[in-house]
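Text of the file start_19.txt, holding compact mmCIF, C-alpha atoms:
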```
# COMPACT_ATOMS: atom_id res chain seq x y z
CA MET W 1 0.00 0.00 0.00
CA SER W 2 1.38 3.49 -0.89
CA ARG W 3 1.05 6.65 1.19
CA LEU W 4 -2.38 7.94 2.31
CA GLY W 5 -3.83 4.46 1.87
CA VAL W 6 -3.91 4.73 -1.96
CA PRO W 7 -3.21 1.36 -3.67
CA ALA W 8 0.11 1.06 -5.43
CA ARG W 9 0.13 1.33 -9.26
CA HIS W 10 0.58 -2.41 -9.82
CA SER W 11 -2.40 -3.07 -7.55
CA LEU W 12 -4.51 -0.64 -9.56
CA ARG W 13 -3.52 -2.42 -12.77
CA ARG W 14 -4.47 -5.79 -11.23
CA SER W 15 -7.83 -4.45 -10.06
CA ALA W 16 -8.55 -2.97 -13.47
CA GLY W 17 -7.68 -6.29 -15.09
CA LEU W 18 -10.05 -8.15 -12.81
CA LEU W 19 -12.83 -5.66 -13.56
CA LEU W 20 -12.21 -6.11 -17.29
CA LEU W 21 -12.39 -9.89 -16.97
CA ALA W 22 -15.59 -9.59 -14.97
CA SER W 23 -17.13 -7.31 -17.58
CA LEU W 24 -16.13 -9.67 -20.38
CA TRP W 25 -17.60 -12.62 -18.47
CA GLY W 26 -20.82 -10.69 -17.99
CA CYS W 27 -21.05 -10.06 -21.73
CA ASP W 28 -21.38 -13.78 -22.44
CA GLU W 29 -24.83 -14.76 -23.65
CA GLU W 30 -27.09 -16.21 -21.00
CA PRO W 31 -27.96 -19.91 -21.51
CA ILE W 32 -31.27 -20.40 -23.25
CA ARG W 33 -34.00 -21.03 -20.69
CA VAL W 34 -36.18 -23.96 -21.65
CA GLU W 35 -39.13 -23.28 -19.34
CA ASP W 36 -42.41 -21.87 -20.70
CA GLN W 37 -41.49 -23.21 -24.13
CA LEU W 38 -42.70 -26.18 -26.12
CA TRP W 39 -39.80 -27.64 -28.12
CA LEU W 40 -39.89 -29.52 -31.41
CA VAL W 41 -37.90 -30.41 -34.51
CA GLU W 42 -39.58 -29.22 -37.69
CA GLN W 43 -38.90 -32.13 -40.01
CA GLN W 44 -39.08 -30.46 -43.43
CA SER W 45 -36.58 -27.71 -42.60
CA GLN W 46 -34.75 -29.75 -39.91
CA SER W 47 -34.83 -26.77 -37.58
CA LEU W 48 -35.15 -26.63 -33.80
CA LEU W 49 -38.17 -24.54 -32.81
CA SER W 50 -39.52 -23.30 -29.50
CA LEU W 51 -43.18 -22.32 -29.15
CA ALA W 52 -44.09 -19.87 -26.38
CA LEU W 53 -46.80 -21.05 -24.00
CA ALA W 54 -47.62 -17.69 -22.39
CA GLU W 55 -48.70 -16.19 -25.72
CA PRO W 56 -48.60 -17.36 -29.35
CA GLY W 57 -45.07 -17.19 -30.70
CA CYS W 58 -42.44 -19.28 -32.50
CA GLN W 59 -38.67 -18.98 -32.57
CA THR W 60 -36.14 -20.86 -34.66
CA ARG W 61 -33.21 -21.83 -32.43
CA GLY W 62 -31.01 -23.34 -35.12
CA TYR W 63 -30.85 -25.49 -38.22
CA LEU W 64 -29.70 -29.03 -37.61
CA THR W 65 -26.88 -30.81 -39.38
CA GLU W 66 -28.30 -34.23 -38.46
CA GLN W 67 -31.77 -35.65 -39.07
CA LEU W 68 -33.33 -35.55 -35.63
CA GLY W 69 -36.71 -37.06 -34.82
CA PRO W 70 -38.25 -37.62 -31.35
CA ILE W 71 -37.21 -35.27 -28.53
CA ALA W 72 -37.69 -35.02 -24.75
CA LEU W 73 -36.36 -33.15 -21.72
CA ASP W 74 -34.79 -35.17 -18.91
CA GLY W 75 -34.75 -34.43 -15.19
CA GLU W 76 -31.74 -32.13 -15.63
CA GLU W 77 -33.57 -30.24 -18.41
CA ARG W 78 -31.20 -31.59 -21.04
CA LEU W 79 -32.89 -31.60 -24.42
CA LEU W 80 -32.53 -35.15 -25.72
CA ALA W 81 -33.23 -36.28 -29.29
CA VAL W 82 -32.88 -39.32 -31.50
CA ASP W 83 -30.59 -39.05 -34.51
CA VAL W 84 -32.68 -41.03 -36.97
CA LEU W 85 -30.05 -41.87 -39.59
CA GLN W 86 -27.14 -42.61 -37.28
CA ARG W 87 -29.40 -44.32 -34.71
CA ARG W 88 -28.11 -42.65 -31.58
CA LEU W 89 -29.38 -40.61 -28.63
CA VAL W 90 -27.97 -37.08 -28.55
CA ASP W 91 -27.98 -34.02 -26.31
CA VAL W 92 -29.18 -30.91 -28.20
CA GLN W 93 -28.02 -27.39 -27.27
CA PRO W 94 -31.22 -25.26 -27.15
CA SER W 95 -29.38 -22.06 -28.09
CA ASP W 96 -28.20 -23.18 -31.52
CA GLY W 97 -29.14 -26.82 -32.17
CA ARG W 98 -25.62 -28.21 -31.74
CA ILE W 99 -25.61 -31.86 -30.70
CA THR W 100 -23.48 -34.14 -28.54
CA ARG W 101 -23.66 -37.92 -28.84
CA LEU W 102 -24.78 -39.78 -25.73
CA ILE W 103 -25.30 -43.44 -26.72
CA ASP W 104 -25.81 -45.53 -29.84
CA LEU W 105 -29.22 -47.12 -30.45
CA PRO W 106 -28.54 -50.04 -32.81
CA MET W 107 -31.76 -51.78 -31.73
CA ILE W 108 -34.16 -49.18 -33.20
CA THR W 109 -35.62 -49.09 -36.71
CA ASN W 110 -38.14 -46.21 -36.89
CA PRO W 111 -38.14 -43.97 -33.77
CA LEU W 112 -41.43 -42.06 -33.38
CA ALA W 113 -41.57 -40.72 -29.82
CA LEU W 114 -39.39 -40.16 -26.78
CA THR W 115 -40.27 -39.40 -23.15
CA VAL W 116 -38.46 -39.29 -19.81
CA THR W 117 -40.50 -40.39 -16.79
CA PRO W 118 -39.66 -39.61 -13.13
CA GLY W 119 -36.35 -41.12 -12.10
CA ASN W 120 -34.88 -40.21 -15.51
CA ARG W 121 -36.25 -43.36 -17.15
CA VAL W 122 -35.89 -42.84 -20.91
CA TYR W 123 -38.52 -44.57 -23.08
CA LEU W 124 -38.55 -44.69 -26.88
CA LEU W 125 -41.44 -45.69 -29.16
CA ASP W 126 -40.01 -47.63 -32.09
CA ASP W 127 -41.90 -48.29 -35.34
CA GLY W 128 -45.26 -47.82 -33.61
CA THR W 129 -45.09 -51.39 -32.30
CA ARG W 130 -42.76 -51.55 -29.31
CA ILE W 131 -41.41 -49.63 -26.33
CA VAL W 132 -37.66 -49.53 -25.71
CA ARG W 133 -36.17 -48.28 -22.45
CA VAL W 134 -32.55 -47.12 -22.63
CA ASP W 135 -30.01 -45.72 -20.19
CA PRO W 136 -28.07 -42.65 -21.40
CA GLU W 137 -25.29 -43.57 -19.00
CA ASP W 138 -25.01 -47.18 -20.18
CA GLY W 139 -25.23 -47.73 -23.91
CA ASN W 140 -25.07 -51.50 -23.49
CA TRP W 141 -28.33 -51.75 -21.53
CA SER W 142 -31.88 -51.72 -22.93
CA GLN W 143 -35.28 -53.30 -22.26
CA THR W 144 -38.06 -53.90 -24.80
CA TRP W 145 -41.83 -54.44 -24.67
CA THR W 146 -44.10 -55.26 -27.63
CA LEU W 147 -47.20 -53.05 -27.72
CA GLN W 148 -50.58 -54.78 -27.59
CA PRO W 149 -52.74 -54.16 -29.54
CA GLU W 150 -50.11 -53.77 -32.24
CA GLY W 151 -49.61 -50.98 -34.74
CA GLY W 152 -50.44 -47.32 -35.17
CA TRP W 153 -48.90 -45.92 -31.98
CA SER W 154 -47.07 -42.63 -32.47
CA GLY W 155 -46.85 -40.73 -29.15
CA LEU W 156 -45.53 -41.20 -25.61
CA ALA W 157 -46.09 -39.38 -22.33
CA TRP W 158 -46.64 -40.23 -18.64
CA LEU W 159 -49.10 -39.47 -15.87
CA PRO W 160 -47.96 -36.44 -13.82
CA GLU W 161 -50.26 -37.43 -10.94
CA ALA W 162 -52.30 -40.44 -9.86
CA VAL W 163 -55.67 -40.79 -11.58
CA GLU W 164 -58.62 -43.13 -11.44
CA THR W 165 -59.78 -44.82 -14.63
CA ALA W 166 -63.41 -45.10 -15.73
CA ASN W 167 -63.33 -48.64 -14.28
CA GLY W 168 -62.21 -47.37 -10.88
CA GLU W 169 -58.59 -48.54 -11.23
CA LEU W 170 -56.03 -46.25 -9.59
CA LEU W 171 -53.04 -45.45 -11.81
CA PRO W 172 -49.95 -44.08 -10.02
CA ALA W 173 -48.05 -40.99 -11.11
CA GLY W 174 -45.36 -41.89 -13.63
CA THR W 175 -47.51 -44.47 -15.45
CA LEU W 176 -46.42 -44.61 -19.10
CA LEU W 177 -48.94 -43.40 -21.70
CA ALA W 178 -49.18 -43.98 -25.46
CA TRP W 179 -51.25 -42.32 -28.17
CA ARG W 180 -52.44 -43.50 -31.55
CA ARG W 181 -54.75 -42.25 -34.26
CA GLN W 182 -58.29 -43.61 -34.52
CA GLY W 183 -60.08 -42.43 -37.64
CA GLU W 184 -59.83 -38.63 -37.70
CA GLN W 185 -59.32 -38.44 -33.94
CA GLY W 186 -56.99 -40.17 -31.47
CA MET W 187 -56.88 -42.26 -28.32
CA LEU W 188 -54.70 -41.93 -25.22
CA ALA W 189 -53.96 -45.20 -23.39
CA TRP W 190 -52.08 -46.20 -20.28
CA LEU W 191 -49.53 -48.99 -20.56
CA GLU W 192 -49.28 -52.06 -18.36
CA LEU W 193 -45.68 -53.24 -18.69
CA GLU W 194 -45.45 -56.99 -18.31
CA GLU W 195 -42.74 -59.47 -19.27
CA GLY W 196 -41.96 -58.51 -22.85
CA GLN W 197 -45.36 -56.89 -23.49
CA ALA W 198 -46.89 -53.43 -23.01
CA LEU W 199 -50.66 -53.83 -22.76
CA ALA W 200 -52.50 -50.65 -23.79
CA HIS W 201 -55.71 -49.74 -21.95
CA GLU W 202 -57.84 -46.87 -23.27
CA LEU W 203 -58.09 -43.73 -21.13
CA PHE W 204 -60.01 -41.28 -23.35
CA GLY W 205 -60.34 -39.93 -26.87
CA THR W 206 -58.43 -36.88 -28.09
CA PRO W 207 -58.11 -34.72 -31.20
CA GLU W 208 -55.51 -35.82 -33.74
CA LEU W 209 -52.03 -35.09 -32.39
CA ALA W 210 -48.65 -34.76 -34.07
CA GLY W 211 -46.84 -35.11 -30.75
CA LEU W 212 -47.35 -35.09 -27.00
CA ASP W 213 -45.31 -35.03 -23.81
CA THR W 214 -45.67 -34.49 -20.07
CA SER W 215 -44.35 -31.38 -18.36
CA ALA W 216 -42.67 -32.39 -15.11
CA GLY W 217 -42.53 -28.77 -13.94
CA ARG W 218 -46.19 -28.01 -14.68
CA ALA W 219 -47.48 -31.54 -13.93
CA ARG W 220 -49.55 -31.47 -17.12
CA ILE W 221 -49.79 -33.39 -20.39
CA TYR W 222 -49.54 -31.31 -23.57
CA GLY W 223 -50.34 -32.22 -27.16
CA LEU W 224 -49.71 -30.49 -30.49
CA SER W 225 -51.98 -31.07 -33.48
CA PRO W 226 -50.72 -31.29 -37.09
CA THR W 227 -52.33 -27.87 -37.69
CA GLY W 228 -50.44 -26.21 -34.82
CA GLU W 229 -53.03 -26.26 -32.04
CA ILE W 230 -51.75 -26.78 -28.49
CA TYR W 231 -53.92 -28.82 -26.12
CA LEU W 232 -53.91 -29.82 -22.47
CA LEU W 233 -54.84 -33.47 -21.90
CA HIS W 234 -56.59 -33.86 -18.54
CA ALA W 235 -56.24 -37.53 -17.62
CA ASP W 236 -58.17 -37.05 -14.38
CA LEU W 237 -61.17 -35.55 -16.19
CA ARG W 238 -60.64 -37.66 -19.32
CA GLU W 239 -60.98 -34.61 -21.57
CA THR W 240 -58.92 -32.31 -23.79
CA GLN W 241 -58.64 -28.52 -23.45
CA TRP W 242 -57.65 -26.22 -26.33
CA ILE W 243 -54.92 -23.73 -25.36
CA GLN W 244 -53.80 -21.79 -28.43
CA GLN W 245 -53.06 -21.80 -32.13
CA VAL W 246 -49.37 -21.27 -32.89
CA PRO W 247 -48.55 -18.87 -35.75
CA CYS W 248 -45.74 -20.81 -37.43
CA THR W 249 -47.76 -23.43 -39.28
CA PRO W 250 -47.57 -25.58 -41.29
CA LEU W 251 -45.40 -27.81 -39.11
CA GLU W 252 -44.15 -31.30 -39.87
CA VAL W 253 -43.60 -32.79 -36.41
CA VAL W 254 -43.09 -36.28 -34.98
CA ASP W 255 -42.74 -35.36 -31.29
CA ILE W 256 -42.61 -32.49 -28.77
CA ALA W 257 -40.78 -31.80 -25.50
CA ILE W 258 -41.83 -29.56 -22.63
CA PRO W 259 -40.09 -28.92 -19.25
```

Since I need it in another form, could you write the structure as structure tokens?
Amino acid sequence: MSRLGVPARHSLRRSAGLLLLASLWGCDEEPIRVEDQLWLVEQQSQSLLSLALAEPGCQTRGYLTEQLGPIALDGEERLLAVDVLQRRLVDVQPSDGRITRLIDLPMITNPLALTVTPGNRVYLLDDGTRIVRVDPEDGNWSQTWTLQPEGGWSGLAWLPEAVETANGELLPAGTLLAWRRQGEQGMLAWLELEEGQALAHELFGTPELAGLDTSAGRARIYGLSPTGEIYLLHADLRETQWIQQVPCTPLEVVDIAIP
């Protein structure tokens, strides 16, 4: 310290340097926040889009170098997706669409939907006929169930809270759900996972959906129609509620993700 308590010149330089570093650090872009957004991959343009839930709005986050299909958010709010051509699970950066490989998925043929249930259990709907559970931390482990009745399934979600079926059966939170088209509408079913089989039991009818997922943060099930309408699916009431029409249609979508 110099006279009169004034810092010495080298100390002033050091302080100025630290302030400059701090200012440069503060200029870095904030990470993209995933909440209050519905995420999807638009298949025709292969672009990552986020749709605002508070009010109608669409934003392109980046154009993808790989052909990505189903997407989901895990418990750490990582945006996961399936690389369709290279058959692998990847981590997608929401700010620009850059991807990082997690595990290979040699067992899949036609991935259609992805969801992550409580406990970070990752489930994939393959070819509309079977459910595959994988572990992003262990690429050598997987478990498979054949869907019954077979064929036509195209969406996955899970129950955010316990509900009672029309038959009085209590389904616990976390129960896996599947959706398929029926005529011009659709049907949401809960899945009973047995040895090698996933038995689908009807819950209620829905509009036609291009994708659906469960929001862990909001404890709600959301669906997106092929014409860009966002719905809430109330499993407890066995009914569907229209939320909004998004302005960026037409959309070619196979799945959605919501935190």

Restrict the calculation to all atoms listed in the file, then for each residue of range 99-188 of chain W with any atom at most 10 Å from an atom of range 60-75 of chain W give the closest atom pair and their distance in Å to one decimal, rows by chain and rising residue number, as a tab-separated table.
```
residue	atom	partner	partner_atom	distance
W:Ile99	CA	W:Leu64	CA	8.5
W:Asn110	CA	W:Gly69	CA	9.5
W:Pro111	CA	W:Pro70	CA	6.8
W:Leu112	CA	W:Pro70	CA	5.8
W:Ala113	CA	W:Pro70	CA	4.8
W:Leu114	CA	W:Pro70	CA	5.4
W:Thr115	CA	W:Ala72	CA	5.3
W:Val116	CA	W:Asp74	CA	5.6
W:Thr117	CA	W:Asp74	CA	8.0
W:Pro118	CA	W:Gly75	CA	7.4
W:Gly119	CA	W:Gly75	CA	7.5
W:Asn120	CA	W:Gly75	CA	5.8
W:Arg121	CA	W:Asp74	CA	8.5
W:Val122	CA	W:Asp74	CA	8.0
W:Tyr123	CA	W:Ala72	CA	9.7
W:Leu124	CA	W:Pro70	CA	8.4
W:Leu125	CA	W:Pro70	CA	8.9
W:Gly155	CA	W:Pro70	CA	9.4
W:Leu156	CA	W:Pro70	CA	9.9
W:Ala157	CA	W:Ala72	CA	9.8
```

Practice problem: Give me the residues within 6 Å of Gly128 in chain W as a ChimeraX atom specification, counting all atoms listed in the file and dropping any in the same chain fewer than 3 places off. | Solution: /W:151-154

Quiz item: Using all atoms listed in the file, which of the listed residues (W:Asp83, W:Glu76, W:Asp236, W:Glu55) sits closest to Val41 in chain W?
Solution: W:Asp83

Self-check item: Residue neighbourhood Ser50 in chain W, 8 Å, all atoms listed in the file, exclusion window fewer than 4 positions, as JSON, numbers by chain
Solution: {"W": [37, 38, 39, 40, 58, 59, 60, 61]}

Could you save those same residues with C-alpha atoms as a PDB file, in the coordinates of the input?
```
ATOM      1  CA  GLN W  37     -41.490 -23.210 -24.130  1.00  0.00           C
ATOM      2  CA  LEU W  38     -42.700 -26.180 -26.120  1.00  0.00           C
ATOM      3  CA  TRP W  39     -39.800 -27.640 -28.120  1.00  0.00           C
ATOM      4  CA  LEU W  40     -39.890 -29.520 -31.410  1.00  0.00           C
ATOM      5  CA  CYS W  58     -42.440 -19.280 -32.500  1.00  0.00           C
ATOM      6  CA  GLN W  59     -38.670 -18.980 -32.570  1.00  0.00           C
ATOM      7  CA  THR W  60     -36.140 -20.860 -34.660  1.00  0.00           C
ATOM      8  CA  ARG W  61     -33.210 -21.830 -32.430  1.00  0.00           C
TER       9      ARG W  61
END
```

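Ranking W:Leu85, W:Ala173, W:Leu79, W:Leu147 by their shortest atom-to-atom distance to Pro106 in chain W, with all atoms listed in the file included, puts W:Leu85 first.
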
Once you add 4 Å to each side, what are the centre and edge lengths of the axis-aligned box holding all listed atoms of range 151-170 of chain W? One decimal in Å, as lines of an AutoDock Vina configuration file, if you can.
```
center_x = -54.5
center_y = -43.7
center_z = -22.4
size_x = 25.9
size_y = 22.5
size_z = 33.6
```

Exercise. For CA of Glu252 in chain W and CA of Gln43 in chain W, quote the distance in Å rounded to one decimal.
Key: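 It comes out at 5.3 Å.
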
Self-check item: Point-to-point distance in Å for CA of Ala198 in chain W and CA of Thr146 in chain W
Solution: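 Spanning CA of Thr146 in chain W to CA of Ala198 in chain W is a straight-line distance of 5.7 Å.
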
Quiz item: So what do you get for CA of Pro207 in chain W versus CA of Val92 in chain W, distance-wise?
Solution: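 Between CA of Pro207 in chain W and CA of Val92 in chain W the gap is 29.3 Å.
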
Exercise. Could you tell me which of W:Val253, W:Gly205, W:Glu195, W:Thr214 comes closest to Gly228 in chain W if we count all atoms listed in the file?
Key: W:Val253

Exercise. Choose the residue, out of W:Ser225, W:Glu164, W:Gln197, W:Glu202, that has the smallest atom-to-atom separation from Leu237 in chain W; count all atoms listed in the file.
Key: W:Glu164

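The closest residue to Pro160 in chain W, picked from W:Ala210, W:Val134, W:Leu177, W:Ala219 and counting only C-alpha atoms, is W:Ala219.
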
With all atoms listed in the file as the counted atoms, please give the residues lying no more than 9 Å from Ile230 in chain W, apart from itself and same-chain residues fewer than 5 positions off, as an mmCIF file with C-alpha atoms, keeping the file's coordinate frame.
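And here is the file that came out, around-v9.cif:
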```cif
data_model
loop_
_atom_site.group_PDB
_atom_site.id
_atom_site.type_symbol
_atom_site.label_atom_id
_atom_site.label_comp_id
_atom_site.auth_asym_id
_atom_site.auth_seq_id
_atom_site.Cartn_x
_atom_site.Cartn_y
_atom_site.Cartn_z
ATOM 1 C CA LEU W 53 -46.800 -21.050 -24.000
ATOM 2 C CA TYR W 222 -49.540 -31.310 -23.570
ATOM 3 C CA GLY W 223 -50.340 -32.220 -27.160
ATOM 4 C CA LEU W 224 -49.710 -30.490 -30.490
ATOM 5 C CA SER W 225 -51.980 -31.070 -33.480
ATOM 6 C CA GLN W 241 -58.640 -28.520 -23.450
ATOM 7 C CA TRP W 242 -57.650 -26.220 -26.330
ATOM 8 C CA ILE W 243 -54.920 -23.730 -25.360
ATOM 9 C CA GLN W 244 -53.800 -21.790 -28.430
ATOM 10 C CA GLN W 245 -53.060 -21.800 -32.130
ATOM 11 C CA VAL W 246 -49.370 -21.270 -32.890
#
```

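The shortest atom-to-atom distance to Trp190 in chain W, with all atoms listed in the file taken into account, belongs to W:Leu203 out of W:Leu51, W:Ala257, W:Leu203, W:Val163.
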
Quiz item: At a cut-off of 12 Å from (-25.9, -42.6, -31.7) in the coordinates of the file, what residues are picked up using only C-alpha atoms, written as a list of chain:residue names?
Solution: W:Glu66, W:Gln67, W:Leu68, W:Leu80, W:Ala81, W:Val82, W:Asp83, W:Val84, W:Leu85, W:Gln86, W:Arg87, W:Arg88, W:Leu89, W:Val90, W:Asp91, W:Ile99, W:Thr100, W:Arg101, W:Leu102, W:Ile103, W:Asp104, W:Leu105, W:Pro106, W:Met107, W:Ile108, W:Pro136, W:Gly139

Sphere at (-40.9, -57.2, -25.7), radius 12 Å, counting all atoms listed in the file: residues as an mmCIF file with C-alpha atoms, in the coordinates of the input:
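In the end it all went to out-v3.cif:
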```cif
data_model
loop_
_atom_site.group_PDB
_atom_site.id
_atom_site.type_symbol
_atom_site.label_atom_id
_atom_site.label_comp_id
_atom_site.auth_asym_id
_atom_site.auth_seq_id
_atom_site.Cartn_x
_atom_site.Cartn_y
_atom_site.Cartn_z
ATOM 1 C CA ASP W 126 -40.010 -47.630 -32.090
ATOM 2 C CA THR W 129 -45.090 -51.390 -32.300
ATOM 3 C CA ARG W 130 -42.760 -51.550 -29.310
ATOM 4 C CA ILE W 131 -41.410 -49.630 -26.330
ATOM 5 C CA VAL W 132 -37.660 -49.530 -25.710
ATOM 6 C CA ARG W 133 -36.170 -48.280 -22.450
ATOM 7 C CA SER W 142 -31.880 -51.720 -22.930
ATOM 8 C CA GLN W 143 -35.280 -53.300 -22.260
ATOM 9 C CA THR W 144 -38.060 -53.900 -24.800
ATOM 10 C CA TRP W 145 -41.830 -54.440 -24.670
ATOM 11 C CA THR W 146 -44.100 -55.260 -27.630
ATOM 12 C CA LEU W 147 -47.200 -53.050 -27.720
ATOM 13 C CA GLN W 148 -50.580 -54.780 -27.590
ATOM 14 C CA GLU W 150 -50.110 -53.770 -32.240
ATOM 15 C CA LEU W 193 -45.680 -53.240 -18.690
ATOM 16 C CA GLU W 194 -45.450 -56.990 -18.310
ATOM 17 C CA GLU W 195 -42.740 -59.470 -19.270
ATOM 18 C CA GLY W 196 -41.960 -58.510 -22.850
ATOM 19 C CA GLN W 197 -45.360 -56.890 -23.490
ATOM 20 C CA ALA W 198 -46.890 -53.430 -23.010
ATOM 21 C CA LEU W 199 -50.660 -53.830 -22.760
#
```
